[in-house]
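**Q** Sharing data.json below, JSON, C-alpha atoms:
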```json
[["chain", "number", "residue", "atom", "x", "y", "z"],
["A", 218, "MET", "CA", 152.31, 123.18, 146.11],
["A", 219, "LYS", "CA", 155.86, 124.30, 145.30],
["A", 220, "HIS", "CA", 158.73, 121.85, 145.60],
["A", 221, "SER", "CA", 162.15, 122.82, 146.84],
["A", 222, "ILE", "CA", 165.15, 122.20, 144.63],
["A", 223, "GLY", "CA", 165.91, 118.51, 144.46],
["A", 224, "GLN", "CA", 162.67, 117.52, 146.16],
["A", 225, "LYS", "CA", 160.68, 114.99, 144.15],
["A", 226, "LYS", "CA", 157.02, 115.38, 143.27],
["A", 227, "PRO", "CA", 154.37, 113.26, 144.95],
["A", 228, "PHE", "CA", 151.94, 111.26, 142.80],
["A", 229, "THR", "CA", 148.40, 112.62, 142.54],
["A", 230, "LYS", "CA", 145.28, 110.65, 143.41],
["A", 231, "LYS", "CA", 144.52, 110.21, 139.70],
["A", 232, "GLN", "CA", 148.07, 109.04, 138.94],
["A", 233, "ILE", "CA", 147.94, 106.53, 141.82],
["A", 234, "SER", "CA", 144.63, 105.13, 140.56],
["A", 235, "THR", "CA", 145.87, 104.94, 136.96],
["A", 236, "LEU", "CA", 149.10, 103.16, 137.91],
["A", 237, "LYS", "CA", 147.24, 100.61, 140.04],
["A", 238, "LYS", "CA", 145.01, 99.82, 137.04],
["A", 239, "ILE", "CA", 148.03, 99.44, 134.76],
["A", 240, "LEU", "CA", 149.83, 97.10, 137.17],
["A", 241, "LEU", "CA", 146.70, 94.98, 137.69],
["A", 242, "SER", "CA", 146.03, 94.80, 133.94],
["A", 243, "GLU", "CA", 149.57, 93.43, 133.51],
["A", 244, "ASN", "CA", 148.90, 90.95, 136.33],
["A", 245, "ASN", "CA", 151.97, 92.36, 138.09],
["A", 246, "LEU", "CA", 150.88, 91.67, 141.67],
["A", 247, "ARG", "CA", 154.32, 92.16, 143.23],
["A", 248, "ASP", "CA", 154.68, 95.68, 141.83],
["A", 249, "TYR", "CA", 151.02, 96.49, 142.56],
["A", 250, "CYS", "CA", 151.45, 95.48, 146.21],
["A", 251, "LEU", "CA", 154.82, 97.22, 146.54],
["A", 252, "PHE", "CA", 153.41, 100.46, 145.11],
["A", 253, "SER", "CA", 150.12, 100.27, 147.04],
["A", 254, "MET", "CA", 151.83, 99.45, 150.34],
["A", 255, "GLY", "CA", 154.29, 102.29, 149.78],
["A", 256, "ILE", "CA", 151.39, 104.69, 149.23],
["A", 257, "ASP", "CA", 149.29, 103.36, 152.14],
["A", 258, "THR", "CA", 152.02, 103.02, 154.77],
["A", 259, "MET", "CA", 154.13, 106.07, 153.77],
["A", 260, "LEU", "CA", 157.19, 104.07, 154.84],
["A", 261, "ARG", "CA", 160.70, 104.91, 153.74],
["A", 262, "SER", "CA", 162.05, 102.52, 151.14],
["A", 263, "SER", "CA", 164.47, 101.05, 153.71],
["A", 264, "ASP", "CA", 161.55, 100.02, 155.95],
["A", 265, "LEU", "CA", 159.13, 98.98, 153.19],
["A", 266, "LEU", "CA", 161.62, 96.62, 151.55],
["A", 267, "LYS", "CA", 162.42, 94.82, 154.84],
["A", 268, "LEU", "CA", 158.80, 93.82, 155.52],
["A", 269, "THR", "CA", 158.20, 90.10, 155.89],
["A", 270, "VAL", "CA", 155.04, 88.06, 155.52],
["A", 271, "ALA", "CA", 154.84, 87.82, 159.34],
["A", 272, "ASP", "CA", 154.70, 91.63, 159.55],
["A", 273, "VAL", "CA", 151.47, 91.80, 157.56],
["A", 274, "VAL", "CA", 149.72, 88.47, 158.24],
["A", 275, "ASP", "CA", 148.04, 87.59, 161.54],
["A", 276, "HIS", "CA", 147.88, 84.16, 163.22],
["A", 277, "ASN", "CA", 144.70, 83.35, 161.22],
["A", 278, "GLU", "CA", 146.58, 84.03, 157.95],
["A", 279, "LYS", "CA", 144.57, 87.19, 157.32],
["A", 280, "ILE", "CA", 146.14, 90.46, 156.22],
["A", 281, "LYS", "CA", 146.41, 92.95, 159.07],
["A", 282, "LYS", "CA", 144.69, 96.31, 158.59],
["A", 283, "THR", "CA", 147.26, 97.97, 160.87],
["A", 284, "PHE", "CA", 150.69, 96.89, 162.06],
["A", 285, "ASP", "CA", 153.75, 98.40, 163.71],
["A", 286, "VAL", "CA", 157.05, 99.03, 161.97],
["A", 287, "GLN", "CA", 160.27, 99.97, 163.73],
["A", 288, "GLN", "CA", 161.82, 102.64, 161.53],
["A", 289, "LYS", "CA", 165.44, 102.07, 160.59],
["A", 290, "LYS", "CA", 166.26, 105.79, 160.38],
["A", 291, "THR", "CA", 164.78, 106.88, 163.72],
["A", 292, "GLY", "CA", 164.50, 103.64, 165.69],
["A", 293, "ASN", "CA", 160.95, 104.70, 166.58],
["A", 294, "THR", "CA", 157.94, 102.46, 166.09],
["A", 295, "ASN", "CA", 155.22, 103.73, 163.79],
["A", 296, "THR", "CA", 151.78, 102.19, 163.29],
["A", 297, "VAL", "CA", 150.81, 101.96, 159.63],
["A", 298, "GLN", "CA", 147.52, 101.11, 157.96],
["A", 299, "LEU", "CA", 146.54, 99.38, 154.72],
["A", 300, "GLN", "CA", 143.57, 100.19, 152.49],
["A", 301, "ASP", "CA", 141.11, 97.42, 151.65],
["A", 302, "ASP", "CA", 142.20, 97.08, 148.00],
["A", 303, "THR", "CA", 145.84, 96.72, 149.08],
["A", 304, "MET", "CA", 144.90, 94.07, 151.64],
["A", 305, "LYS", "CA", 142.92, 92.11, 149.05],
["A", 306, "GLN", "CA", 145.71, 92.09, 146.44],
["A", 307, "LEU", "CA", 148.39, 91.42, 149.07],
["A", 308, "LYS", "CA", 146.53, 88.27, 150.14],
["A", 309, "VAL", "CA", 146.32, 87.11, 146.51],
["A", 310, "PHE", "CA", 150.03, 87.88, 146.03],
["A", 311, "ILE", "CA", 151.16, 86.00, 149.16],
["A", 312, "ASP", "CA", 148.98, 83.00, 148.33],
["A", 313, "ALA", "CA", 150.17, 82.93, 144.69],
["A", 314, "THR", "CA", 153.86, 83.07, 145.65],
["A", 315, "GLY", "CA", 153.53, 80.63, 148.56],
["A", 316, "LYS", "CA", 155.69, 82.83, 150.76],
["A", 317, "CYS", "CA", 156.26, 81.73, 154.37],
["A", 318, "ASN", "CA", 156.10, 83.97, 157.45],
["A", 319, "ASN", "CA", 159.84, 84.53, 157.69],
["A", 320, "GLU", "CA", 160.25, 85.48, 154.01],
["A", 321, "PHE", "CA", 160.54, 89.02, 152.69],
["A", 322, "LEU", "CA", 157.40, 90.26, 150.96],
["A", 323, "PHE", "CA", 159.14, 91.93, 148.05],
["A", 324, "THR", "CA", 161.90, 89.87, 146.49],
["A", 325, "GLY", "CA", 163.61, 90.01, 143.14],
["A", 326, "ARG", "CA", 162.52, 87.79, 140.30],
["A", 327, "LYS", "CA", 165.85, 85.87, 140.34],
["A", 328, "MET", "CA", 166.99, 86.27, 143.96],
["A", 329, "THR", "CA", 163.74, 85.07, 145.50],
["A", 330, "HIS", "CA", 164.99, 84.98, 149.09],
["A", 331, "ASN", "CA", 166.55, 88.45, 149.20],
["A", 332, "PRO", "CA", 164.52, 91.63, 149.47],
["A", 333, "ILE", "CA", 164.45, 94.02, 146.55],
["A", 334, "SER", "CA", 167.35, 96.44, 146.92],
["A", 335, "TYR", "CA", 166.93, 100.19, 147.14],
["A", 336, "VAL", "CA", 168.43, 100.49, 143.63],
["A", 337, "GLN", "CA", 165.88, 97.98, 142.27],
["A", 338, "HIS", "CA", 163.07, 99.84, 144.04],
["A", 339, "SER", "CA", 164.28, 103.12, 142.59],
["A", 340, "ARG", "CA", 164.33, 101.61, 139.08],
["A", 341, "LEU", "CA", 160.79, 100.29, 139.55],
["A", 342, "VAL", "CA", 159.53, 103.74, 140.58],
["A", 343, "LYS", "CA", 161.15, 105.22, 137.44],
["A", 344, "LYS", "CA", 159.48, 102.48, 135.35],
["A", 345, "TRP", "CA", 156.09, 103.20, 136.95],
["A", 346, "THR", "CA", 156.58, 106.93, 136.39],
["A", 347, "ASP", "CA", 157.31, 106.22, 132.73],
["A", 348, "PHE", "CA", 154.09, 104.15, 132.49],
["A", 349, "LEU", "CA", 152.25, 107.32, 133.52],
["A", 350, "GLY", "CA", 154.02, 109.40, 130.88],
["A", 351, "LEU", "CA", 155.69, 111.59, 133.52],
["A", 352, "ASP", "CA", 159.22, 112.97, 133.60],
["A", 353, "VAL", "CA", 161.17, 110.28, 135.50],
["A", 354, "ARG", "CA", 163.67, 112.90, 136.74],
["A", 355, "GLU", "CA", 160.93, 114.47, 138.85],
["A", 356, "TYR", "CA", 159.98, 111.30, 140.79],
["A", 357, "SER", "CA", 161.72, 108.88, 143.15],
["A", 358, "THR", "CA", 160.97, 106.42, 145.93],
["A", 359, "HIS", "CA", 160.24, 109.47, 148.10],
["A", 360, "SER", "CA", 157.45, 110.37, 145.67],
["A", 361, "VAL", "CA", 155.67, 107.19, 146.78],
["A", 362, "ARG", "CA", 156.22, 108.02, 150.48],
["A", 363, "ARG", "CA", 155.12, 111.65, 150.07],
["A", 364, "SER", "CA", 152.02, 111.02, 147.95],
["A", 365, "LYS", "CA", 149.37, 110.17, 150.54],
["A", 366, "SER", "CA", 150.69, 112.66, 153.10],
["A", 367, "SER", "CA", 150.60, 115.42, 150.45],
["A", 368, "ILE", "CA", 147.02, 114.50, 149.55],
["A", 369, "ILE", "CA", 146.04, 114.45, 153.23],
["A", 370, "TYR", "CA", 147.71, 117.82, 153.83],
["A", 371, "GLY", "CA", 145.91, 119.27, 150.78],
["A", 372, "ILE", "CA", 142.56, 118.21, 152.27],
["A", 373, "THR", "CA", 143.15, 118.93, 155.97],
["A", 374, "ASN", "CA", 145.99, 121.51, 156.11],
["A", 375, "ASN", "CA", 147.01, 119.59, 159.24],
["A", 376, "VAL", "CA", 150.78, 119.13, 159.48],
["A", 377, "GLU", "CA", 150.49, 117.26, 162.80],
["A", 378, "VAL", "CA", 148.33, 114.52, 161.25],
["A", 379, "CYS", "CA", 150.86, 114.15, 158.43],
["A", 380, "ARG", "CA", 153.75, 114.11, 160.92],
["A", 381, "GLN", "CA", 152.19, 111.25, 162.86],
["A", 382, "LEU", "CA", 151.37, 109.25, 159.73],
["A", 383, "LEU", "CA", 154.91, 109.70, 158.39],
["A", 384, "GLY", "CA", 156.40, 108.85, 161.79],
["A", 385, "GLN", "CA", 158.52, 112.00, 161.85],
["A", 386, "SER", "CA", 159.79, 113.59, 165.05],
["A", 387, "ASN", "CA", 158.57, 117.18, 164.58],
["A", 388, "CYS", "CA", 156.27, 119.35, 162.48],
["A", 389, "THR", "CA", 159.15, 121.46, 161.15],
["A", 390, "ALA", "CA", 160.68, 118.38, 159.48],
["A", 391, "THR", "CA", 157.27, 117.38, 158.14],
["A", 392, "SER", "CA", 156.63, 120.85, 156.73],
["A", 393, "ARG", "CA", 159.96, 120.73, 154.92],
["A", 394, "TYR", "CA", 159.27, 117.18, 153.72],
["A", 395, "LEU", "CA", 155.88, 118.15, 152.32],
["A", 396, "GLY", "CA", 157.32, 121.33, 150.78],
["A", 397, "ILE", "CA", 155.06, 123.58, 152.82],
["A", 398, "GLY", "CA", 156.30, 127.14, 152.61],
["A", 399, "LYS", "CA", 155.28, 130.64, 153.60],
["A", 400, "GLN", "CA", 152.78, 130.92, 150.73],
["A", 401, "ASP", "CA", 150.99, 127.76, 151.92],
["A", 402, "ALA", "CA", 150.85, 129.14, 155.47],
["A", 403, "LEU", "CA", 149.40, 132.43, 154.23],
["A", 404, "ARG", "CA", 146.82, 130.60, 152.11],
["A", 405, "VAL", "CA", 145.69, 128.57, 155.14],
["A", 406, "GLY", "CA", 145.65, 131.70, 157.31],
["A", 407, "ALA", "CA", 143.55, 133.56, 154.73],
["A", 408, "SER", "CA", 141.01, 130.76, 154.60],
["A", 409, "ILE", "CA", 140.15, 131.19, 158.29],
["A", 410, "VAL", "CA", 137.53, 133.89, 158.77],
["A", 411, "LEU", "CA", 136.98, 135.11, 162.32]]
```
Translate the structure of the given file into structure tokens.
**A**
Amino acid sequence: MKHSIGQKKPFTKKQISTLKKILLSENNLRDYCLFSMGIDTMLRSSDLLKLTVADVVDHNEKIKKTFDVQQKKTGNTNTVQLQDDTMKQLKVFIDATGKCNNEFLFTGRKMTHNPISYVQHSRLVKKWTDFLGLDVREYSTHSVRRSKSSIIYGITNNVEVCRQLLGQSNCTATSRYLGIGKQDALRVGASIVL
């Protein structure tokens, strides 16, 4: 898939799996959960960083498989879903940190009551990219958001599914976001035999 100028690359399935193993081996649960939730939910950094414990934990103190997030950029509500491994590690992380319902999930190491800032999140993504031996200039927080939707599009060729998962307003915006161009459209068209 070609990327337009300035557009950052998504992580591949293999890169996602490798980074999760690295973060777990370092016992870095906060970064593991931040990365995994970013991949699973496909939320913008501004929405991901504002999540609280109450957003992801139900009244029985279990991690929710799905939950709604009101998007800052659009004001629309989008339902997101977590994978089982993310849910498991998120529970361990919340229990280990003793966070209460009204606390932000992802806080700094020093400022434990404030959410990680966008700049901090951006630096973490660069650090994770470096762990993978990739060119840090080619990846950003949007790489995390785009990864799962790019993988899903590669399997299904269904822009509408990706649009709904990303919580975007139209397929044109989603096509641009995923970097889908004329060559991709022709490839899909050629694969359909009538």
**Q** Could you check how far CA of Asp347 in chain A sits from CA of Ser262 in chain A, in Å to one decimal?
**A** 19.4 Å
**Q** Could you please give me, as a ChimeraX atom specification, the residues of protein, DNA or RNA lying at most 8 Å from (160.6, 116.0, 140.0) in the coordinate frame of the file, considering all atoms listed in the file?
**A** /A:223-226,352-357
**Q** Between A:Asn374, A:Pro227, A:Gly384, A:Val274, single out the one closest to Val286 in chain A, counting all atoms listed in the file.
**A**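 Nearest candidate to Val286 in chain A out of A:Asn374, A:Pro227, A:Gly384, A:Val274: A:Gly384.
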**Q** Need the shell around range 329-333 of chain A: protein/DNA/RNA residues with any atom at most 12 Å away, counting only C-alpha atoms. Skip same-chain ones fewer than 2 positions apart. Format as a ChimeraX atom specification?
**A** /A:247-248,251,262-270,314-317,319-327,335-341
**Q** Which one of A:Thr373, A:Gln287, A:Asn387, A:Thr358 sits closest to Ile256 in chain A if you count only C-alpha atoms?
**A**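 Closest residue, counting only C-alpha atoms: A:Thr358.
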**Q** Looking at all atoms listed in the file, which of A:Leu246, A:Lys365, A:Lys237, A:Thr291 is the one that sits closest to Leu307 in chain A?
**A**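 Among the listed residues, A:Leu246 lies closest to Leu307 in chain A.
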**Q** Contacts of Met259 in chain A at 6 Å or less, counting all atoms listed in the file, minus same-chain residues fewer than 4 places along, as a ChimeraX atom specification?
**A** /A:255,362,383
**Q** Would you please work out which residue, of A:Thr296, A:Ser253, A:Thr258, A:Leu349, is nearest to Gln232 in chain A when using all atoms listed in the file?
**A** A:Leu349
**Q** Please determine an axis-aligned box that encloses all atoms of range 349-367 of chain A listed in the file, with 5 Å added on each side, and express its centre and edge lengths in Å to one decimal as JSON.
**A**
```
{"center_x": 156.5, "center_y": 110.9, "center_z": 142.0, "size_x": 24.3, "size_y": 19.0, "size_z": 32.2}
```
**Q** Measuring atom to atom with all atoms listed in the file, identify which of A:Tyr249, A:Tyr370, A:Tyr394, A:Phe228 is nearest to Val309 in chain A.
**A**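 Ranking A:Tyr249, A:Tyr370, A:Tyr394, A:Phe228 by distance to Val309 in chain A, first place goes to A:Tyr249.
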**Q** Out of A:Val273, A:Leu395, A:Leu351, A:Cys388, which residue has the shortest atom-to-atom distance to Ile369 in chain A when counting only C-alpha atoms?
**A**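 Between A:Val273, A:Leu395, A:Leu351, A:Cys388, the residue approaching Ile369 in chain A most closely is A:Leu395.
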**Q** Rounded to one decimal, what separation in Å do you get between CA of Glu278 in chain A and CA of Leu382 in chain A?
**A**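 The value is 25.7 Å.
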**Q** Just to confirm, what's the straight-line distance from CA of Leu241 in chain A to CA of Gln306 in chain A in Å (one decimal)?
**A**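 Atom-to-atom, CA of Leu241 in chain A to CA of Gln306 in chain A, that is 9.3 Å.
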**Q** Selecting N, CA and C atoms, how would range 240-270 of chain A from this structure be written as a PDB file, in the first residue's frame?
**A**
```
ATOM      1  N   LEU A 240       7.550  -5.292  25.255  1.00  0.00           N
ATOM      2  CA  LEU A 240       7.016  -4.529  26.392  1.00  0.00           C
ATOM      3  C   LEU A 240       6.686  -5.438  27.577  1.00  0.00           C
ATOM      4  N   LEU A 241       6.160  -6.633  27.292  1.00  0.00           N
ATOM      5  CA  LEU A 241       5.872  -7.582  28.378  1.00  0.00           C
ATOM      6  C   LEU A 241       7.160  -8.099  29.008  1.00  0.00           C
ATOM      7  N   SER A 242       8.182  -8.359  28.185  1.00  0.00           N
ATOM      8  CA  SER A 242       9.449  -8.872  28.718  1.00  0.00           C
ATOM      9  C   SER A 242      10.116  -7.839  29.625  1.00  0.00           C
ATOM     10  N   GLU A 243       9.847  -6.558  29.373  1.00  0.00           N
ATOM     11  CA  GLU A 243      10.383  -5.487  30.215  1.00  0.00           C
ATOM     12  C   GLU A 243       9.465  -5.191  31.403  1.00  0.00           C
ATOM     13  N   ASN A 244       8.366  -5.934  31.492  1.00  0.00           N
ATOM     14  CA  ASN A 244       7.363  -5.730  32.540  1.00  0.00           C
ATOM     15  C   ASN A 244       6.829  -4.293  32.516  1.00  0.00           C
ATOM     16  N   ASN A 245       6.694  -3.749  31.317  1.00  0.00           N
ATOM     17  CA  ASN A 245       6.212  -2.380  31.141  1.00  0.00           C
ATOM     18  C   ASN A 245       4.720  -2.430  30.807  1.00  0.00           C
ATOM     19  N   LEU A 246       3.907  -2.675  31.826  1.00  0.00           N
ATOM     20  CA  LEU A 246       2.469  -2.867  31.622  1.00  0.00           C
ATOM     21  C   LEU A 246       1.764  -1.611  31.126  1.00  0.00           C
ATOM     22  N   ARG A 247       2.182  -0.440  31.613  1.00  0.00           N
ATOM     23  CA  ARG A 247       1.530   0.792  31.163  1.00  0.00           C
ATOM     24  C   ARG A 247       1.686   0.944  29.653  1.00  0.00           C
ATOM     25  N   ASP A 248       2.923   0.823  29.155  1.00  0.00           N
ATOM     26  CA  ASP A 248       3.157   0.992  27.729  1.00  0.00           C
ATOM     27  C   ASP A 248       2.504  -0.127  26.918  1.00  0.00           C
ATOM     28  N   TYR A 249       2.537  -1.349  27.452  1.00  0.00           N
ATOM     29  CA  TYR A 249       1.872  -2.467  26.769  1.00  0.00           C
ATOM     30  C   TYR A 249       0.384  -2.160  26.601  1.00  0.00           C
ATOM     31  N   CYS A 250      -0.259  -1.735  27.675  1.00  0.00           N
ATOM     32  CA  CYS A 250      -1.701  -1.457  27.621  1.00  0.00           C
ATOM     33  C   CYS A 250      -2.005  -0.252  26.741  1.00  0.00           C
ATOM     34  N   LEU A 251      -1.177   0.782  26.814  1.00  0.00           N
ATOM     35  CA  LEU A 251      -1.376   1.960  25.971  1.00  0.00           C
ATOM     36  C   LEU A 251      -1.257   1.586  24.497  1.00  0.00           C
ATOM     37  N   PHE A 252      -0.230   0.827  24.153  1.00  0.00           N
ATOM     38  CA  PHE A 252      -0.032   0.398  22.766  1.00  0.00           C
ATOM     39  C   PHE A 252      -1.167  -0.528  22.320  1.00  0.00           C
ATOM     40  N   SER A 253      -1.455  -1.541  23.121  1.00  0.00           N
ATOM     41  CA  SER A 253      -2.491  -2.521  22.756  1.00  0.00           C
ATOM     42  C   SER A 253      -3.870  -1.882  22.627  1.00  0.00           C
ATOM     43  N   MET A 254      -4.193  -0.984  23.556  1.00  0.00           N
ATOM     44  CA  MET A 254      -5.494  -0.311  23.469  1.00  0.00           C
ATOM     45  C   MET A 254      -5.556   0.611  22.265  1.00  0.00           C
ATOM     46  N   GLY A 255      -4.435   1.251  21.928  1.00  0.00           N
ATOM     47  CA  GLY A 255      -4.389   2.088  20.736  1.00  0.00           C
ATOM     48  C   GLY A 255      -4.629   1.269  19.477  1.00  0.00           C
ATOM     49  N   ILE A 256      -4.009   0.094  19.422  1.00  0.00           N
ATOM     50  CA  ILE A 256      -4.202  -0.807  18.276  1.00  0.00           C
ATOM     51  C   ILE A 256      -5.652  -1.290  18.234  1.00  0.00           C
ATOM     52  N   ASP A 257      -6.144  -1.826  19.351  1.00  0.00           N
ATOM     53  CA  ASP A 257      -7.484  -2.424  19.395  1.00  0.00           C
ATOM     54  C   ASP A 257      -8.592  -1.412  19.108  1.00  0.00           C
ATOM     55  N   THR A 258      -8.532  -0.259  19.766  1.00  0.00           N
ATOM     56  CA  THR A 258      -9.640   0.701  19.691  1.00  0.00           C
ATOM     57  C   THR A 258      -9.570   1.606  18.470  1.00  0.00           C
ATOM     58  N   MET A 259      -8.355   1.788  17.918  1.00  0.00           N
ATOM     59  CA  MET A 259      -8.147   2.681  16.768  1.00  0.00           C
ATOM     60  C   MET A 259      -8.546   4.118  17.099  1.00  0.00           C
ATOM     61  N   LEU A 260      -8.449   4.478  18.376  1.00  0.00           N
ATOM     62  CA  LEU A 260      -8.800   5.832  18.803  1.00  0.00           C
ATOM     63  C   LEU A 260      -7.682   6.811  18.480  1.00  0.00           C
ATOM     64  N   ARG A 261      -8.074   8.057  18.249  1.00  0.00           N
ATOM     65  CA  ARG A 261      -7.089   9.126  18.129  1.00  0.00           C
ATOM     66  C   ARG A 261      -6.407   9.275  19.485  1.00  0.00           C
ATOM     67  N   SER A 262      -5.191   9.760  19.457  1.00  0.00           N
ATOM     68  CA  SER A 262      -4.432   9.968  20.690  1.00  0.00           C
ATOM     69  C   SER A 262      -5.214  10.813  21.691  1.00  0.00           C
ATOM     70  N   SER A 263      -5.886  11.860  21.211  1.00  0.00           N
ATOM     71  CA  SER A 263      -6.635  12.752  22.109  1.00  0.00           C
ATOM     72  C   SER A 263      -7.735  12.019  22.873  1.00  0.00           C
ATOM     73  N   ASP A 264      -8.336  11.000  22.272  1.00  0.00           N
ATOM     74  CA  ASP A 264      -9.388  10.222  22.937  1.00  0.00           C
ATOM     75  C   ASP A 264      -8.800   9.104  23.794  1.00  0.00           C
ATOM     76  N   LEU A 265      -7.757   8.458  23.308  1.00  0.00           N
ATOM     77  CA  LEU A 265      -7.121   7.357  24.027  1.00  0.00           C
ATOM     78  C   LEU A 265      -6.546   7.828  25.358  1.00  0.00           C
ATOM     79  N   LEU A 266      -5.891   8.984  25.347  1.00  0.00           N
ATOM     80  CA  LEU A 266      -5.217   9.476  26.546  1.00  0.00           C
ATOM     81  C   LEU A 266      -6.184   9.981  27.616  1.00  0.00           C
ATOM     82  N   LYS A 267      -7.419  10.270  27.243  1.00  0.00           N
ATOM     83  CA  LYS A 267      -8.417  10.781  28.205  1.00  0.00           C
ATOM     84  C   LYS A 267      -9.242   9.667  28.844  1.00  0.00           C
ATOM     85  N   LEU A 268      -8.979   8.409  28.470  1.00  0.00           N
ATOM     86  CA  LEU A 268      -9.743   7.302  29.055  1.00  0.00           C
ATOM     87  C   LEU A 268      -9.463   7.180  30.546  1.00  0.00           C
ATOM     88  N   THR A 269     -10.529   6.915  31.298  1.00  0.00           N
ATOM     89  CA  THR A 269     -10.402   6.687  32.730  1.00  0.00           C
ATOM     90  C   THR A 269     -10.666   5.215  33.038  1.00  0.00           C
ATOM     91  N   VAL A 270     -10.395   4.833  34.260  1.00  0.00           N
ATOM     92  CA  VAL A 270     -10.665   3.461  34.688  1.00  0.00           C
ATOM     93  C   VAL A 270     -12.154   3.155  34.498  1.00  0.00           C
TER      94      VAL A 270
END
```
